[in-house]
Amino acid sequence: GYGVHKRGDTEVPSKLNGGGDPGAAADENLAAPKTPFSIFCYGDSLTFGMSDLHSRESYPYSKYLEQELNHLFDPDSASESTESESQTQLPATVVEHYGHPGWTATNMLNHMQSDNDGICSIIRRIPTLSLMIILVGTNDIAQMTNVGKDVARLIIGSIVDVHKGAINCAEEESNSKFHTLAVGIPESAYQEMVPVASEISLYVNNALKSFASSYLDGKVSYVEFPIPYQEGDDKWGADGMHLTQKGYEVLAKELAPHVKNILDNIDSV
């Protein structure tokens with residue numbers, strides 16, 4: 001099935017002190033509000049937040065990631081801010097997402113320039129985009145008709161080209177601070193039943209890790225998918241491929257420190 005969910009319910013106030021005391025704006029001791037980091041999660045059904053092949057509920061991890069990041073950047077904000085202050089304060093991050101169930105890395109490449117769901121279109125729409133988190137590969141593994149390193153290299157090539165293409169699009173838009181984060185292909189019940197699929201997944205992930213570590217200017221990072229598959233684990237859905245709501249919350253919590261580290265490095269340049 002096809003699904004579009006975009007994280008768009010967090011609005012950045014256009015004026016932090018709109019309508020306030022004119023004298024306050026002139027106070028030289030007041031620091032200008034810091035523009036939030038823009039993050040975009042892009043991927044397949046795991047980014048869409050599908051919990052089960054037969055469920056209509058979705059729990060995109062982008063929502064939980066935004067909450068985790070804003071807490072990491074300002075741990076005391078929630079407890080110390082009044083309700084009126086929380087409505088006017090700029091968040092540290094704004095996280096959106098697009099997840100297309102069933103997509104492979106090749107599908108992403110073929111849609112790079114698509115008006116609605118293409119990576120380049122998203123980068124043009126958000127000129128200050130700092131980071132795109134790309135989670136893909138589950139369907140590439142599941143849809144293999146052959147096995148072996150040749151197939152693995154095709155998957156690697158497609159995922160690598162997605163990252164390179166995203167960075168090229170950002171450069172065309174003069175966004176020099178744009179980075180990508182590759183999340184490793186997760187384990188699954190399918191891989192447990194088909195050991196060769198697990199071997200290819202591991203081979204692809206090792207190659208992606210090597211690609212990221214050697215990429216120019218460190219603009220590509222890699223992180224292992226943080227939740228191992230285990231039958232009966234309440235973080236995994238009944239189909240053994242998708243996560244439960246708890247699983248997506250844990251995914252966000254585990255990714256957040258890695259994402260914050262990337263953003264801190266971007267901010268220091």
# chains A, B, ... in the order shown; residues from 1 in each chain; ligands from 1
$ closest_atom_pairs --of "range 45-157 of chain A" --to "range 211-223 of chain A" --cutoff "10 Å" --atoms "only C-alpha atoms" --output "tab-separated table"
residue	atom	partner	partner_atom	distance
A:Leu131	CA	A:Lys219	CA	9.3
A:Met132	CA	A:Val220	CA	9.7
A:Ile133	CA	A:Ser221	CA	9.4
A:Ile134	CA	A:Tyr222	CA	9.8
A:Ile156	CA	A:Phe211	CA	9.5
$ write_last_selection --atoms "N, CA, C and O atoms" --output "compact mmCIF listing (two decimals), in the first residue's frame"
# COMPACT_ATOMS: atom_id res chain seq x y z
N LEU A 131 19.65 18.04 8.20
CA LEU A 131 19.92 16.60 8.20
C LEU A 131 18.76 15.83 7.60
O LEU A 131 17.60 16.09 7.94
N MET A 132 19.08 14.88 6.74
CA MET A 132 18.09 13.93 6.25
C MET A 132 18.49 12.54 6.74
O MET A 132 19.60 12.07 6.47
N ILE A 133 17.59 11.92 7.49
CA ILE A 133 17.82 10.56 8.00
C ILE A 133 17.17 9.58 7.03
O ILE A 133 15.96 9.65 6.80
N ILE A 134 17.97 8.72 6.44
CA ILE A 134 17.48 7.82 5.40
C ILE A 134 17.52 6.38 5.92
O ILE A 134 18.57 5.84 6.23
N ILE A 156 23.79 -1.87 -2.27
CA ILE A 156 24.73 -0.88 -1.74
C ILE A 156 24.81 0.33 -2.68
O ILE A 156 24.73 1.48 -2.24
$ residues_around --residues "Asn206 in chain A" --least-positions-apart "3" --cutoff "12 Å" --atoms "only C-alpha atoms" --output "ChimeraX atom specification"
/A:152-153,156,182-185,199-203,209-213,222-224
$ write_last_selection --atoms "C-alpha atoms" --output "PDB file, in the first residue's frame"
ATOM      1  CA  ALA A 152      24.333  -6.976  -2.343  1.00  0.00           C
ATOM      2  CA  ARG A 153      26.481  -4.615  -4.400  1.00  0.00           C
ATOM      3  CA  ILE A 156      24.735  -0.876  -1.745  1.00  0.00           C
ATOM      4  CA  ALA A 182      22.230   6.306   6.958  1.00  0.00           C
ATOM      5  CA  VAL A 183      20.429   3.985   9.354  1.00  0.00           C
ATOM      6  CA  GLY A 184      21.437   0.357   8.913  1.00  0.00           C
ATOM      7  CA  ILE A 185      19.026  -2.257   7.569  1.00  0.00           C
ATOM      8  CA  GLU A 199      24.178 -12.297   5.579  1.00  0.00           C
ATOM      9  CA  ILE A 200      23.465  -9.915   2.703  1.00  0.00           C
ATOM     10  CA  SER A 201      21.951  -7.360   5.089  1.00  0.00           C
ATOM     11  CA  LEU A 202      25.104  -7.482   7.223  1.00  0.00           C
ATOM     12  CA  TYR A 203      27.285  -7.146   4.108  1.00  0.00           C
ATOM     13  CA  LYS A 209      29.410   2.129   7.352  1.00  0.00           C
ATOM     14  CA  SER A 210      32.617   2.179   5.302  1.00  0.00           C
ATOM     15  CA  PHE A 211      31.097   4.580   2.763  1.00  0.00           C
ATOM     16  CA  ALA A 212      29.985   6.990   5.461  1.00  0.00           C
ATOM     17  CA  SER A 213      33.310   6.955   7.310  1.00  0.00           C
ATOM     18  CA  TYR A 222      26.053   5.849   9.694  1.00  0.00           C
ATOM     19  CA  VAL A 223      24.329   4.264  12.662  1.00  0.00           C
ATOM     20  CA  GLU A 224      23.255   0.671  13.191  1.00  0.00           C
TER      21      GLU A 224
END
$ closest_residue --among "A:Pro127, A:Gly49, A:Pro226, A:Gly157" --to "Leu208 in chain A" --atoms "only C-alpha atoms"
A:Gly157
$ select_by_dssp --residues "range 82-183 of chain A" --states "strand (DSSP E)" --output "VMD selection string"
chain A and resid 93 to 99 129 to 135 179 to 183
$ closest_residue --among "A:Ile266, A:Ala238, A:Met108, A:Ile123" --to "Glu171 in chain A" --atoms "only C-alpha atoms"
A:Ile123
$ atom_distance --atom1 "CA of Ala105 in chain A" --atom2 "CA of Ala252 in chain A"
21.8 Å
$ select_by_dssp --residues "range 90-224 of chain A" --states "helix (DSSP H, G or I)" --output "NGL selection string"
:A and (105-110 or 119-125 or 138-142 or 149-172 or 189-193 or 195-214 or 216-218)
$ residues_around --residues "Asp44 in chain A" --least-positions-apart "6" --cutoff "12 Å" --atoms "only C-alpha atoms" --output "MDAnalysis selection string"
chainID A and resid 1:5 50 60 97:108 117 133:140 185 241:242
$ write_last_selection --atoms "C-alpha atoms" --output "PDB file, in the first residue's frame"
ATOM      1  CA  GLY A   1       0.000   0.000   0.000  1.00  0.00           C
ATOM      2  CA  TYR A   2       0.895   3.632  -0.486  1.00  0.00           C
ATOM      3  CA  GLY A   3       0.902   6.128   2.327  1.00  0.00           C
ATOM      4  CA  VAL A   4       2.047   9.666   2.930  1.00  0.00           C
ATOM      5  CA  HIS A   5       2.528  11.059   6.393  1.00  0.00           C
ATOM      6  CA  MET A  50       3.535   1.100  10.074  1.00  0.00           C
ATOM      7  CA  PRO A  60       6.144   7.660  12.751  1.00  0.00           C
ATOM      8  CA  HIS A  97       8.978  12.794   7.610  1.00  0.00           C
ATOM      9  CA  TYR A  98       7.911  10.977   4.483  1.00  0.00           C
ATOM     10  CA  GLY A  99       7.539   7.223   4.439  1.00  0.00           C
ATOM     11  CA  HIS A 100       6.396   5.149   1.486  1.00  0.00           C
ATOM     12  CA  PRO A 101       5.573   1.524   2.374  1.00  0.00           C
ATOM     13  CA  GLY A 102       7.173  -0.961   0.009  1.00  0.00           C
ATOM     14  CA  TRP A 103       9.833   1.358  -1.308  1.00  0.00           C
ATOM     15  CA  THR A 104      13.337   0.195  -2.123  1.00  0.00           C
ATOM     16  CA  ALA A 105      16.431   2.336  -2.601  1.00  0.00           C
ATOM     17  CA  THR A 106      15.857   2.081  -6.360  1.00  0.00           C
ATOM     18  CA  ASN A 107      12.383   3.557  -5.912  1.00  0.00           C
ATOM     19  CA  MET A 108      13.933   6.454  -4.013  1.00  0.00           C
ATOM     20  CA  ASP A 117       7.827  12.975  -2.564  1.00  0.00           C
ATOM     21  CA  ILE A 133      17.815  10.562   8.001  1.00  0.00           C
ATOM     22  CA  ILE A 134      17.484   7.818   5.405  1.00  0.00           C
ATOM     23  CA  LEU A 135      16.181   4.424   6.491  1.00  0.00           C
ATOM     24  CA  VAL A 136      15.900   1.973   3.597  1.00  0.00           C
ATOM     25  CA  GLY A 137      16.868  -1.567   2.682  1.00  0.00           C
ATOM     26  CA  THR A 138      14.267  -3.789   4.324  1.00  0.00           C
ATOM     27  CA  ASN A 139      12.315  -4.153   1.079  1.00  0.00           C
ATOM     28  CA  ASP A 140      15.483  -4.462  -1.013  1.00  0.00           C
ATOM     29  CA  ILE A 185      19.026  -2.257   7.569  1.00  0.00           C
ATOM     30  CA  MET A 241       9.152  -6.643  10.147  1.00  0.00           C
ATOM     31  CA  HIS A 242       7.611  -3.502  11.607  1.00  0.00           C
TER      32      HIS A 242
END
$ closest_residue --among "A:Pro91, A:Gly240, A:Pro228, A:Gly165" --to "Pro36 in chain A" --atoms "only C-alpha atoms"
A:Pro91
$ closest_residue --among "A:Met112, A:Leu154, A:Ala256, A:Val196" --to "Cys169 in chain A" --atoms "only C-alpha atoms"
A:Met112
$ atom_distance --atom1 "CA of Ala207 in chain A" --atom2 "CA of Val160 in chain A"
9.4 Å
$ closest_residue --among "A:Glu254, A:Asp161, A:Asp267, A:Glu192" --to "Tyr64 in chain A" --atoms "only C-alpha atoms"
A:Glu254
$ closest_residue --among "A:Ile227, A:Leu90, A:Cys120, A:Leu109" --to "Val250 in chain A" --atoms "only C-alpha atoms"
A:Ile227
$ residues_around --residues "Glu173 in chain A" --least-positions-apart "6" --cutoff "12 Å" --atoms "only C-alpha atoms" --output "PyMOL selection string"
chain A and resi 120-129+166-167
$ write_last_selection --atoms "C-alpha atoms" --output "PDB file, in the first residue's frame"
ATOM      1  CA  CYS A 120      15.437  16.962  -4.136  1.00  0.00           C
ATOM      2  CA  SER A 121      11.985  18.541  -3.955  1.00  0.00           C
ATOM      3  CA  ILE A 122      12.055  18.282  -0.170  1.00  0.00           C
ATOM      4  CA  ILE A 123      15.512  19.862  -0.056  1.00  0.00           C
ATOM      5  CA  ARG A 124      14.304  22.731  -2.242  1.00  0.00           C
ATOM      6  CA  ARG A 125      11.213  23.160  -0.047  1.00  0.00           C
ATOM      7  CA  ILE A 126      13.312  23.375   3.124  1.00  0.00           C
ATOM      8  CA  PRO A 127      16.335  25.519   2.195  1.00  0.00           C
ATOM      9  CA  THR A 128      17.761  25.343   5.729  1.00  0.00           C
ATOM     10  CA  LEU A 129      17.472  21.553   6.036  1.00  0.00           C
ATOM     11  CA  ALA A 166      20.698  14.199  -1.719  1.00  0.00           C
ATOM     12  CA  ILE A 167      23.985  15.975  -1.026  1.00  0.00           C
TER      13      ILE A 167
END
$ atom_distance --atom1 "CA of Glu231 in chain A" --atom2 "CA of Tyr190 in chain A"
11.2 Å
